[in-house]
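Data block for my_file_20.pdb (PDB, C-alpha atoms and all ligand atoms):
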```pdb
MODEL        1
ATOM      1  CA  MET Z 639       4.408 -13.492  18.255
ATOM      2  CA  SER Z 640       2.711 -16.502  19.793
ATOM      3  CA  ASN Z 641       2.355 -19.936  18.322
ATOM      4  CA  LEU Z 642      -1.075 -20.363  19.796
ATOM      5  CA  LYS Z 643      -3.780 -21.429  17.397
ATOM      6  CA  THR Z 644      -6.123 -18.540  16.696
ATOM      7  CA  THR Z 645      -9.474 -19.194  18.288
ATOM      8  CA  ARG Z 646     -12.744 -17.575  17.248
ATOM      9  CA  LEU Z 647     -13.598 -16.378  20.753
ATOM     10  CA  ILE Z 648     -11.587 -13.264  21.632
ATOM     11  CA  GLY Z 649     -13.181 -12.771  25.024
ATOM     12  CA  ARG Z 650     -16.284 -13.038  27.168
ATOM     13  CA  PHE Z 651     -17.268 -10.730  30.024
ATOM     14  CA  ASP Z 652     -20.249 -11.445  32.259
ATOM     15  CA  GLY Z 653     -22.019  -9.354  34.820
ATOM     16  CA  GLY Z 654     -25.268  -9.612  36.710
ATOM     17  CA  GLN Z 655     -27.839 -12.347  36.603
ATOM     18  CA  SER Z 656     -29.517 -11.241  33.398
ATOM     19  CA  GLY Z 657     -29.344  -8.576  30.765
ATOM     20  CA  ASN Z 658     -28.511  -8.063  27.133
ATOM     21  CA  LEU Z 659     -26.052 -10.017  25.036
ATOM     22  CA  VAL Z 660     -23.569  -7.819  23.167
ATOM     23  CA  ILE Z 661     -21.736  -9.516  20.310
ATOM     24  CA  VAL Z 662     -18.876  -7.784  18.492
ATOM     25  CA  LEU Z 663     -17.356  -9.261  15.347
ATOM     26  CA  GLY Z 664     -13.874  -8.367  14.138
ATOM     27  CA  ALA Z 665     -12.264  -9.587  10.916
ATOM     28  CA  LEU Z 666     -15.396 -10.880   9.235
ATOM     29  CA  HIS Z 667     -13.140  -9.866   6.368
ATOM     30  CA  GLY Z 668      -9.865 -11.551   7.279
ATOM     31  CA  ASN Z 669      -7.621  -8.658   6.226
ATOM     32  CA  GLU Z 670      -9.399  -6.189   8.556
ATOM     33  CA  PRO Z 671      -7.773  -6.673  11.988
ATOM     34  CA  ALA Z 672      -8.841  -3.390  13.677
ATOM     35  CA  GLY Z 673     -11.863  -4.938  15.394
ATOM     36  CA  VAL Z 674      -9.824  -7.871  16.711
ATOM     37  CA  HIS Z 675      -7.151  -5.575  18.165
ATOM     38  CA  ALA Z 676      -9.826  -3.311  19.663
ATOM     39  CA  LEU Z 677     -11.641  -6.252  21.245
ATOM     40  CA  ARG Z 678      -8.446  -7.540  22.858
ATOM     41  CA  THR Z 679      -7.877  -4.089  24.385
ATOM     42  CA  VAL Z 680     -11.468  -3.749  25.592
ATOM     43  CA  PHE Z 681     -11.426  -7.153  27.306
ATOM     44  CA  GLN Z 682      -8.081  -6.287  28.938
ATOM     45  CA  GLN Z 683      -9.532  -3.030  30.276
ATOM     46  CA  LEU Z 684     -12.725  -4.697  31.519
ATOM     47  CA  ASN Z 685     -10.789  -7.479  33.222
ATOM     48  CA  ALA Z 686      -8.388  -4.996  34.821
ATOM     49  CA  GLN Z 687     -11.333  -3.185  36.441
ATOM     50  CA  ALA Z 688     -13.552  -6.203  36.981
ATOM     51  CA  GLU Z 689     -13.574  -5.892  40.783
ATOM     52  CA  ASN Z 690     -15.028  -2.377  40.985
ATOM     53  CA  LEU Z 691     -17.010  -2.456  37.775
ATOM     54  CA  SER Z 692     -20.772  -2.450  37.642
ATOM     55  CA  PHE Z 693     -21.458  -4.500  34.529
ATOM     56  CA  GLN Z 694     -24.865  -5.785  33.473
ATOM     57  CA  GLY Z 695     -25.196  -8.361  30.710
ATOM     58  CA  ARG Z 696     -22.839 -10.528  28.675
ATOM     59  CA  PHE Z 697     -20.317  -9.256  26.157
ATOM     60  CA  VAL Z 698     -18.561 -11.577  23.705
ATOM     61  CA  GLY Z 699     -16.084 -10.830  20.923
ATOM     62  CA  PHE Z 700     -15.508 -13.142  17.986
ATOM     63  CA  ILE Z 701     -13.245 -13.298  14.974
ATOM     64  CA  GLY Z 702     -15.703 -13.445  12.075
ATOM     65  CA  ASN Z 703     -13.582 -15.386   9.579
ATOM     66  CA  VAL Z 704     -10.799 -17.236  11.407
ATOM     67  CA  ARG Z 705      -9.264 -19.001   8.384
ATOM     68  CA  ALA Z 706      -9.078 -15.795   6.343
ATOM     69  CA  PHE Z 707      -7.784 -13.857   9.379
ATOM     70  CA  GLN Z 708      -4.925 -16.342   9.814
ATOM     71  CA  LYS Z 709      -4.011 -15.882   6.147
ATOM     72  CA  GLN Z 710      -4.597 -12.089   6.356
ATOM     73  CA  ILE Z 711      -6.820 -12.204   3.269
ATOM     74  CA  ARG Z 712     -10.325 -10.828   2.766
ATOM     75  CA  TYR Z 713     -11.799 -14.318   2.309
ATOM     76  CA  VAL Z 714     -10.728 -17.812   1.276
ATOM     77  CA  SER Z 715     -13.509 -18.864  -1.116
ATOM     78  CA  LYS Z 716     -16.232 -16.224  -0.993
ATOM     79  CA  ASP Z 717     -17.198 -12.986   0.760
ATOM     80  CA  MET Z 718     -18.411 -13.962   4.235
ATOM     81  CA  ASN Z 719     -20.464 -10.769   4.456
ATOM     82  CA  ARG Z 720     -22.806 -11.926   1.662
ATOM     83  CA  GLN Z 721     -23.604 -15.340   3.164
ATOM     84  CA  PHE Z 722     -26.115 -14.353   5.853
ATOM     85  CA  THR Z 723     -29.288 -15.436   4.042
ATOM     86  CA  ILE Z 724     -31.533 -18.292   5.151
ATOM     87  CA  GLN Z 725     -30.824 -20.184   1.906
ATOM     88  CA  LYS Z 726     -27.034 -19.837   2.098
ATOM     89  CA  ILE Z 727     -26.934 -20.667   5.800
ATOM     90  CA  ALA Z 728     -29.098 -23.750   5.235
ATOM     91  CA  ALA Z 729     -26.785 -24.861   2.423
ATOM     92  CA  ALA Z 730     -23.701 -24.264   4.589
ATOM     93  CA  LEU Z 731     -25.093 -26.425   7.398
ATOM     94  CA  MET Z 732     -26.186 -29.242   5.102
ATOM     95  CA  PRO Z 733     -24.203 -32.416   4.410
ATOM     96  CA  PRO Z 734     -22.255 -33.662   2.526
ATOM     97  CA  TYR Z 735     -19.722 -31.586   4.432
ATOM     98  CA  ARG Z 736     -16.845 -32.414   2.104
ATOM     99  CA  PHE Z 737     -18.374 -30.068  -0.473
ATOM    100  CA  ARG Z 738     -18.434 -27.133   1.919
ATOM    101  CA  ASP Z 739     -15.944 -24.372   1.292
ATOM    102  CA  SER Z 740     -14.007 -22.401   3.902
ATOM    103  CA  GLU Z 741     -16.683 -19.742   4.446
ATOM    104  CA  ASP Z 742     -19.446 -22.374   4.750
ATOM    105  CA  ARG Z 743     -17.491 -23.828   7.678
ATOM    106  CA  GLU Z 744     -16.872 -20.382   9.156
ATOM    107  CA  LEU Z 745     -20.576 -19.546   8.952
ATOM    108  CA  ASP Z 746     -21.556 -22.841  10.577
ATOM    109  CA  GLU Z 747     -19.036 -22.436  13.410
ATOM    110  CA  LEU Z 748     -19.789 -18.762  14.053
ATOM    111  CA  LEU Z 749     -23.553 -19.305  14.216
ATOM    112  CA  LYS Z 750     -23.090 -22.331  16.498
ATOM    113  CA  ASP Z 751     -20.933 -20.237  18.841
ATOM    114  CA  ILE Z 752     -23.479 -17.405  18.895
ATOM    115  CA  ARG Z 753     -26.337 -19.817  19.480
ATOM    116  CA  ALA Z 754     -24.417 -21.391  22.379
ATOM    117  CA  GLU Z 755     -24.043 -17.956  24.038
ATOM    118  CA  ILE Z 756     -27.774 -17.292  23.637
ATOM    119  CA  ILE Z 757     -28.790 -20.685  25.051
ATOM    120  CA  ASP Z 758     -26.379 -20.273  27.950
ATOM    121  CA  TYR Z 759     -27.190 -16.644  28.847
ATOM    122  CA  GLN Z 760     -30.877 -16.308  27.803
ATOM    123  CA  PRO Z 761     -30.542 -12.587  27.037
ATOM    124  CA  ASN Z 762     -33.365 -10.055  26.948
ATOM    125  CA  LYS Z 763     -32.005  -8.541  23.750
ATOM    126  CA  ILE Z 764     -29.056  -8.988  21.424
ATOM    127  CA  PHE Z 765     -26.888  -6.138  20.128
ATOM    128  CA  LEU Z 766     -24.378  -6.975  17.403
ATOM    129  CA  LEU Z 767     -21.633  -4.752  16.017
ATOM    130  CA  ASP Z 768     -19.671  -5.816  12.934
ATOM    131  CA  ILE Z 769     -16.352  -3.924  12.641
ATOM    132  CA  HIS Z 770     -14.759  -3.340   9.249
ATOM    133  CA  SER Z 771     -11.951  -1.262   7.776
ATOM    134  CA  THR Z 772     -10.990  -0.010   4.331
ATOM    135  CA  SER Z 773      -7.923  -0.188   2.100
ATOM    136  CA  ALA Z 774      -7.916   3.590   1.585
ATOM    137  CA  GLN Z 775      -7.503   6.163   4.348
ATOM    138  CA  GLY Z 776     -10.658   7.623   5.857
ATOM    139  CA  GLY Z 777     -14.324   6.857   5.455
ATOM    140  CA  ILE Z 778     -15.041   6.406   9.161
ATOM    141  CA  PHE Z 779     -18.723   5.951   9.908
ATOM    142  CA  ALA Z 780     -21.458   3.673  11.217
ATOM    143  CA  ILE Z 781     -23.831   1.809   8.913
ATOM    144  CA  PRO Z 782     -27.325   0.922  10.151
ATOM    145  CA  PHE Z 783     -29.917  -1.335   8.553
ATOM    146  CA  ASP Z 784     -31.975   1.525   7.169
ATOM    147  CA  THR Z 785     -35.447   0.088   7.603
ATOM    148  CA  ASP Z 786     -34.902  -0.723  11.270
ATOM    149  CA  ALA Z 787     -35.313   2.194  13.678
ATOM    150  CA  SER Z 788     -33.484   0.415  16.505
ATOM    151  CA  SER Z 789     -30.521  -0.227  14.197
ATOM    152  CA  VAL Z 790     -30.402   3.487  13.296
ATOM    153  CA  ALA Z 791     -30.562   4.323  17.026
ATOM    154  CA  LEU Z 792     -27.693   1.920  17.716
ATOM    155  CA  ALA Z 793     -25.585   3.440  14.929
ATOM    156  CA  ALA Z 794     -26.238   6.953  16.273
ATOM    157  CA  ALA Z 795     -25.249   5.859  19.791
ATOM    158  CA  LEU Z 796     -21.780   4.909  18.557
ATOM    159  CA  GLN Z 797     -20.945   8.668  18.349
ATOM    160  CA  VAL Z 798     -19.566   8.593  14.822
ATOM    161  CA  PRO Z 799     -21.128   9.855  11.562
ATOM    162  CA  VAL Z 800     -24.008   7.619  10.437
ATOM    163  CA  VAL Z 801     -24.442   6.869   6.739
ATOM    164  CA  THR Z 802     -27.769   5.389   5.631
ATOM    165  CA  GLY Z 803     -28.452   4.043   2.135
ATOM    166  CA  MET Z 804     -25.276   1.900   2.054
ATOM    167  CA  MET Z 805     -27.206  -1.369   2.037
ATOM    168  CA  THR Z 806     -29.185  -0.666  -1.123
ATOM    169  CA  GLY Z 807     -28.598  -3.365  -3.722
ATOM    170  CA  ILE Z 808     -26.683  -5.786  -1.515
ATOM    171  CA  GLY Z 809     -27.954  -8.756   0.499
ATOM    172  CA  GLY Z 810     -26.745 -11.396   2.921
ATOM    173  CA  THR Z 811     -24.787  -9.084   5.235
ATOM    174  CA  THR Z 812     -24.685  -9.449   9.004
ATOM    175  CA  LEU Z 813     -27.087  -6.502   9.192
ATOM    176  CA  HIS Z 814     -29.659  -8.346   7.082
ATOM    177  CA  PHE Z 815     -29.501 -11.337   9.416
ATOM    178  CA  PHE Z 816     -29.022  -9.835  12.871
ATOM    179  CA  ASN Z 817     -31.763  -7.205  12.694
ATOM    180  CA  GLY Z 818     -35.019  -8.844  13.725
ATOM    181  CA  GLU Z 819     -35.485 -12.080  15.627
ATOM    182  CA  ALA Z 820     -32.807 -14.315  14.127
ATOM    183  CA  PHE Z 821     -32.552 -16.504  17.242
ATOM    184  CA  GLY Z 822     -35.997 -15.967  18.732
ATOM    185  CA  VAL Z 823     -34.660 -12.998  20.726
ATOM    186  CA  PRO Z 824     -34.997  -9.332  19.610
ATOM    187  CA  SER Z 825     -31.746  -8.505  17.860
ATOM    188  CA  THR Z 826     -30.296  -5.185  16.667
ATOM    189  CA  ALA Z 827     -27.159  -4.802  14.555
ATOM    190  CA  ALA Z 828     -25.022  -2.109  12.951
ATOM    191  CA  ALA Z 829     -21.638  -2.019  11.242
ATOM    192  CA  PHE Z 830     -18.680   0.290  11.848
ATOM    193  CA  GLU Z 831     -16.095   1.322   9.264
ATOM    194  CA  ALA Z 832     -13.071   2.083  11.446
ATOM    195  CA  GLY Z 833     -10.639   3.544   8.879
ATOM    196  CA  GLN Z 834      -7.611   2.155   7.074
ATOM    197  CA  HIS Z 835      -6.823  -1.560   7.616
ATOM    198  CA  LYS Z 836      -3.376  -1.109   9.181
ATOM    199  CA  ASP Z 837      -3.708   2.365  10.723
ATOM    200  CA  PRO Z 838      -3.431   1.945  14.530
ATOM    201  CA  ARG Z 839      -6.041   4.702  14.905
ATOM    202  CA  SER Z 840      -8.609   2.338  13.352
ATOM    203  CA  ALA Z 841      -8.305  -0.002  16.345
ATOM    204  CA  ASP Z 842      -8.381   3.003  18.734
ATOM    205  CA  ARG Z 843     -11.624   4.244  17.193
ATOM    206  CA  ALA Z 844     -13.111   0.746  17.270
ATOM    207  CA  LYS Z 845     -12.253   0.471  20.965
ATOM    208  CA  SER Z 846     -14.130   3.709  21.783
ATOM    209  CA  VAL Z 847     -17.054   2.623  19.609
ATOM    210  CA  ILE Z 848     -17.264  -0.729  21.454
ATOM    211  CA  PHE Z 849     -17.490   1.119  24.790
ATOM    212  CA  ASN Z 850     -20.237   3.338  23.317
ATOM    213  CA  LEU Z 851     -22.045   0.155  22.275
ATOM    214  CA  LEU Z 852     -21.717  -1.278  25.811
ATOM    215  CA  ARG Z 853     -23.187   1.997  27.121
ATOM    216  CA  HIS Z 854     -26.090   1.835  24.645
ATOM    217  CA  ALA Z 855     -26.798  -1.768  25.677
ATOM    218  CA  ASN Z 856     -26.854  -0.692  29.378
ATOM    219  CA  CYS Z 857     -23.902  -2.966  30.189
ATOM    220  CA  ILE Z 858     -21.736  -0.196  31.666
ATOM    221  CA  GLU Z 859     -22.460   3.101  33.435
ATOM    222  CA  PRO Z 860     -22.791   6.193  31.203
ATOM    223  CA  THR Z 861     -19.533   7.630  32.558
ATOM    224  CA  ALA Z 862     -17.426   4.442  32.527
ATOM    225  CA  PHE Z 863     -14.498   4.123  30.131
ATOM    226  CA  LEU Z 864     -15.102   7.529  28.534
ATOM    227  CA  ASP Z 865     -12.266   8.852  26.375
ATOM    228  CA  ASN Z 866     -11.678  11.573  23.784
ATOM    229  CA  THR Z 867     -10.508   9.363  20.920
ATOM    230  CA  LEU Z 868     -13.527  10.097  18.723
ATOM    231  CA  ALA Z 869     -14.033  13.711  19.787
ATOM    232  CA  GLU Z 870     -10.432  14.552  18.902
ATOM    233  CA  ASP Z 871     -10.330  12.572  15.661
ATOM    234  CA  ASN Z 872      -9.361  14.902  12.815
ATOM    235  CA  GLU Z 873     -10.826  12.518  10.216
ATOM    236  CA  PHE Z 874     -14.320  13.530  11.326
ATOM    237  CA  PRO Z 875     -16.297  16.598  10.283
ATOM    238  CA  SER Z 876     -16.048  19.385  12.837
ATOM    239  CA  GLU Z 877     -19.754  19.700  13.679
ATOM    240  CA  SER Z 878     -21.362  17.825  16.489
ATOM    241  CA  LEU Z 879     -22.017  14.136  16.163
ATOM    242  CA  PRO Z 880     -23.880  12.078  15.290
ATOM    243  CA  LEU Z 881     -23.982  13.484  11.790
ATOM    244  CA  MET Z 882     -26.766  11.645   9.970
ATOM    245  CA  VAL Z 883     -26.331  11.459   6.203
ATOM    246  CA  ASP Z 884     -27.827   9.411   3.395
ATOM    247  CA  LEU Z 885     -25.955   8.011   0.398
ATOM    248  CA  LYS Z 886     -27.157   9.805  -2.761
ATOM    249  CA  TYR Z 887     -24.620   9.042  -5.479
ATOM    250  CA  VAL Z 888     -21.806   6.606  -6.265
ATOM    251  CA  HIS Z 889     -19.338   7.460  -9.039
ATOM    252  CA  HIS Z 890     -18.530   4.041 -10.545
ATOM    253  CA  ILE Z 891     -15.336   3.806 -12.555
ATOM    254  CA  SER Z 892     -13.381   1.285 -14.633
ATOM    255  CA  ASP Z 893      -9.675   1.139 -15.459
ATOM    256  CA  GLU Z 894     -10.285   2.597 -18.948
ATOM    257  CA  ASP Z 895     -11.722   5.769 -17.371
ATOM    258  CA  THR Z 896      -8.230   6.795 -16.172
ATOM    259  CA  PHE Z 897     -10.058   8.432 -13.256
ATOM    260  CA  GLN Z 898      -7.988  10.831 -11.184
ATOM    261  CA  MET Z 899      -9.369  12.598  -8.146
ATOM    262  CA  ARG Z 900      -8.270  16.224  -7.758
ATOM    263  CA  PRO Z 901      -6.113  16.646  -4.636
ATOM    264  CA  GLY Z 902      -7.235  17.813  -1.237
ATOM    265  CA  PHE Z 903     -10.727  16.388  -0.770
ATOM    266  CA  ARG Z 904     -11.505  15.118   2.717
ATOM    267  CA  ASN Z 905     -14.245  12.846   3.964
ATOM    268  CA  PHE Z 906     -17.531  14.664   4.667
ATOM    269  CA  GLN Z 907     -16.219  17.876   3.069
ATOM    270  CA  PRO Z 908     -19.175  19.915   1.723
ATOM    271  CA  ILE Z 909     -19.313  20.176  -2.093
ATOM    272  CA  GLU Z 910     -21.451  22.147  -4.544
ATOM    273  CA  LYS Z 911     -23.362  20.844  -7.527
ATOM    274  CA  GLY Z 912     -21.115  21.253 -10.592
ATOM    275  CA  GLN Z 913     -17.925  21.433  -8.540
ATOM    276  CA  TRP Z 914     -14.804  20.111 -10.318
ATOM    277  CA  LEU Z 915     -13.920  16.924  -8.424
ATOM    278  CA  ALA Z 916     -11.812  14.793 -10.743
ATOM    279  CA  ASN Z 917     -10.598  14.171 -14.278
ATOM    280  CA  ASP Z 918     -11.063  11.162 -16.511
ATOM    281  CA  LYS Z 919     -10.671  10.260 -20.208
ATOM    282  CA  ASN Z 920     -13.599  12.558 -21.083
ATOM    283  CA  GLY Z 921     -12.241  15.558 -19.192
ATOM    284  CA  ALA Z 922     -13.502  17.198 -16.027
ATOM    285  CA  VAL Z 923     -15.734  15.209 -13.660
ATOM    286  CA  LEU Z 924     -18.213  17.598 -12.050
ATOM    287  CA  SER Z 925     -20.309  16.859  -8.994
ATOM    288  CA  PRO Z 926     -23.850  15.852 -10.021
ATOM    289  CA  ALA Z 927     -25.273  17.087  -6.718
ATOM    290  CA  ALA Z 928     -24.598  19.260  -3.703
ATOM    291  CA  GLY Z 929     -23.773  17.450  -0.495
ATOM    292  CA  ARG Z 930     -20.663  16.023   1.099
ATOM    293  CA  ILE Z 931     -17.994  13.920  -0.522
ATOM    294  CA  LEU Z 932     -17.185  10.536   0.984
ATOM    295  CA  MET Z 933     -14.291   8.156   0.283
ATOM    296  CA  PRO Z 934     -12.588  10.093  -2.541
ATOM    297  CA  LEU Z 935     -10.285   7.638  -4.357
ATOM    298  CA  TYR Z 936      -6.603   8.507  -3.806
ATOM    299  CA  GLN Z 937      -5.141   5.090  -4.510
ATOM    300  CA  PRO Z 938      -4.529   3.365  -7.844
ATOM    301  CA  GLN Z 939      -7.224   0.730  -7.573
ATOM    302  CA  GLY Z 940     -10.914   1.007  -6.906
ATOM    303  CA  LYS Z 941     -14.315   0.607  -8.460
ATOM    304  CA  GLU Z 942     -15.744   3.817  -7.019
ATOM    305  CA  GLY Z 943     -14.239   7.249  -7.598
ATOM    306  CA  PHE Z 944     -16.208   8.943  -4.850
ATOM    307  CA  PHE Z 945     -19.521   8.876  -2.989
ATOM    308  CA  ILE Z 946     -21.871  11.796  -2.300
ATOM    309  CA  VAL Z 947     -23.977  11.890   0.877
ATOM    310  CA  GLN Z 948     -26.594  14.407   1.949
ATOM    311  CA  HIS Z 949     -28.166  15.239   5.283
ATOM    312  CA  SER Z 950     -30.884  12.692   5.976
ATOM    313  CA  ASN Z 951     -33.557  15.319   6.595
ATOM    314  CA  SER Z 952     -32.876  17.443   3.486
TER     315      SER Z 952
HETATM  316 ZN    ZN T1001     -14.972  -5.409   5.527
ENDMDL
END
```

Using structure tokens, write down the structure that the file contains.
Ligand SMILES: [Zn+2]
Amino acid sequence: MSNLKTTRLIGRFDGGQSGNLVIVLGALHGNEPAGVHALRTVFQQLNAQAENLSFQGRFVGFIGNVRAFQKQIRYVSKDMNRQFTIQKIAAALMPPYRFRDSEDRELDELLKDIRAEIIDYQPNKIFLLDIHSTSAQGGIFAIPFDTDASSVALAAALQVPVVTGMMTGIGGTTLHFFNGEAFGVPSTAAAFEAGQHKDPRSADRAKSVIFNLLRHANCIEPTAFLDNTLAEDNEFPSESLPLMVDLKYVHHISDEDTFQMRPGFRNFQPIEKGQWLANDKNGAVLSPAAGRILMPLYQPQGKEGFFIVQHSNS
């Protein structure tokens, strides 16, 4: 363990005179370290090969919420991934500063750091990936901003299942802010759910996904840094990727429901309409639709018992 103060910047790698700016955020939720670990590994690998590497563009990795990351908690005062609206950002940047909470300061500092990279590098385009993880095992997929075709294309390029429809009903996420022209430069963003918070495979997957992102952004050659981490991952469905699915149903639960998932369901497993999925205080819980099950709840706490996704073109 080091005593060094944790800094927001994890690494920066530059190549060529001009190109795209790739920004990867880890630990926007402070208890989700997979992205931070993956970024450290990716920068090590890039630096180790820097002399014979053809790299075009600038790649930077940041810790999204430094104060929460140091405390290993999701957030200090409020969920950082709901603060990316013009109104909330304006309020966070506004004096009197003594009234700002921890996430207001984080937001201010993170956006200043990103703006500094843009002013310094003058990129053609910006690509942003926001890496998350989950308390339960599984649920590994990319999340695009559904209304943005370039965000969907970015998510598909990560070579993991893509789940659309996840953003319905929520606002102020990184995807809301970084898809469009947030800094006067065309900007495309997607999120990646890497797996369980402390599972070392989550960081391994995130590492491979970051290299796929660098490929998509034309920073590295198509054949550079290829590995089989994702192809050999047994948490994924067996068919070829990217699997494009759309969220169709969320089974919300409360403690009084005494919800209990039946054993043996796996992420993206096909299910039939009417299939017996779980039990609760009213008896059997049957699937309201055919499709695939996602994130079945096998831990004591949770607000969702399971999700159902369907192929996007069905
Ligand atoms: Zn998260």

How would you write, as a ChimeraX atom specification, the set of residues no farther than 8 Å from ligand ZN 1001 (chain T) when counting all atoms listed in the file?
/Z:665-667,670,712,719,769-772,831

Evaluated on this file, the PyMOL selection byres (((chain Z and resi 646) around 7) and not hetatm) picks out some residues - which ones are they, written as an MDAnalysis selection string?
chainID Z and resid 644:645 647:648 700:701 704

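The space between CA of Arg839 in chain Z and CA of Asn703 in chain Z spans 22.1 Å.
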
Any chance you could work out the residue set of the PyMOL selection byres (((chain Z and resi 929) around 8) and not hetatm) here, as a PyMOL selection string?
chain Z and resi 908-911+927-928+930-931+946-949

Output file for the residues above (C-alpha atoms, as a CSV table (one decimal), in the frame of the given file):
```csv
chain,number,residue,atom,x,y,z
Z,908,PRO,CA,-19.2,19.9,1.7
Z,909,ILE,CA,-19.3,20.2,-2.1
Z,910,GLU,CA,-21.5,22.1,-4.5
Z,911,LYS,CA,-23.4,20.8,-7.5
Z,927,ALA,CA,-25.3,17.1,-6.7
Z,928,ALA,CA,-24.6,19.3,-3.7
Z,930,ARG,CA,-20.7,16.0,1.1
Z,931,ILE,CA,-18.0,13.9,-0.5
Z,946,ILE,CA,-21.9,11.8,-2.3
Z,947,VAL,CA,-24.0,11.9,0.9
Z,948,GLN,CA,-26.6,14.4,1.9
Z,949,HIS,CA,-28.2,15.2,5.3
```

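Residues lying within 6 Å of (-24.6, 4.3, 12.4). Counted over all atoms listed in the file, they are Ala780, Ile781, Pro782, Val790, Ala793, Ala794 and Val800 of chain Z.
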
Take the residues from that selection and put them in a file with C-alpha atoms, as an mmCIF file, in the frame of the given file.
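Dumped to selection_18.cif:
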```
data_model
loop_
_atom_site.group_PDB
_atom_site.id
_atom_site.type_symbol
_atom_site.label_atom_id
_atom_site.label_comp_id
_atom_site.auth_asym_id
_atom_site.auth_seq_id
_atom_site.Cartn_x
_atom_site.Cartn_y
_atom_site.Cartn_z
ATOM 1 C CA ALA Z 780 -21.458 3.673 11.217
ATOM 2 C CA ILE Z 781 -23.831 1.809 8.913
ATOM 3 C CA PRO Z 782 -27.325 0.922 10.151
ATOM 4 C CA VAL Z 790 -30.402 3.487 13.296
ATOM 5 C CA ALA Z 793 -25.585 3.440 14.929
ATOM 6 C CA ALA Z 794 -26.238 6.953 16.273
ATOM 7 C CA VAL Z 800 -24.008 7.619 10.437
#
```

Convert the output of the PyMOL selection byres (((chain Z and resi 788) around 10) and not hetatm) on the shown file into explicit residues, formatted as a VMD selection string.
chain Z and resid 765 782 to 787 789 to 794 817 to 818 825 to 828

Next, the residues of the selection above should be written as an mmCIF file, keeping the file's coordinate frame with C-alpha atoms.
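Saved to selection_12.cif:
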```
data_model
loop_
_atom_site.group_PDB
_atom_site.id
_atom_site.type_symbol
_atom_site.label_atom_id
_atom_site.label_comp_id
_atom_site.auth_asym_id
_atom_site.auth_seq_id
_atom_site.Cartn_x
_atom_site.Cartn_y
_atom_site.Cartn_z
ATOM 1 C CA PHE Z 765 -26.888 -6.138 20.128
ATOM 2 C CA PRO Z 782 -27.325 0.922 10.151
ATOM 3 C CA PHE Z 783 -29.917 -1.335 8.553
ATOM 4 C CA ASP Z 784 -31.975 1.525 7.169
ATOM 5 C CA THR Z 785 -35.447 0.088 7.603
ATOM 6 C CA ASP Z 786 -34.902 -0.723 11.270
ATOM 7 C CA ALA Z 787 -35.313 2.194 13.678
ATOM 8 C CA SER Z 789 -30.521 -0.227 14.197
ATOM 9 C CA VAL Z 790 -30.402 3.487 13.296
ATOM 10 C CA ALA Z 791 -30.562 4.323 17.026
ATOM 11 C CA LEU Z 792 -27.693 1.920 17.716
ATOM 12 C CA ALA Z 793 -25.585 3.440 14.929
ATOM 13 C CA ALA Z 794 -26.238 6.953 16.273
ATOM 14 C CA ASN Z 817 -31.763 -7.205 12.694
ATOM 15 C CA GLY Z 818 -35.019 -8.844 13.725
ATOM 16 C CA SER Z 825 -31.746 -8.505 17.860
ATOM 17 C CA THR Z 826 -30.296 -5.185 16.667
ATOM 18 C CA ALA Z 827 -27.159 -4.802 14.555
ATOM 19 C CA ALA Z 828 -25.022 -2.109 12.951
#
```

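The residue that comes closest to Asn872 in chain Z, out of Z:Asn762, Z:Ser846, Z:Thr896, Z:Asn905 and on the basis of only C-alpha atoms, is Z:Asn905.
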
Quick one: residues within 10 Å of Gln708 in chain Z, all atoms listed in the file, excluding same-chain residues fewer than 2 positions away - as a list in words?
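The residues satisfying every condition are Lys643, Thr644, Gly668, Asn669, Asn703, Val704, Arg705, Ala706, Gln710 and Ile711 of chain Z.
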
Counting only C-alpha atoms, what is within 8 Å of range 679-684 of chain Z, bar same-chain residues fewer than 5 positions away, as a PyMOL selection string?
chain Z and resi 649-651+691+845+848-849
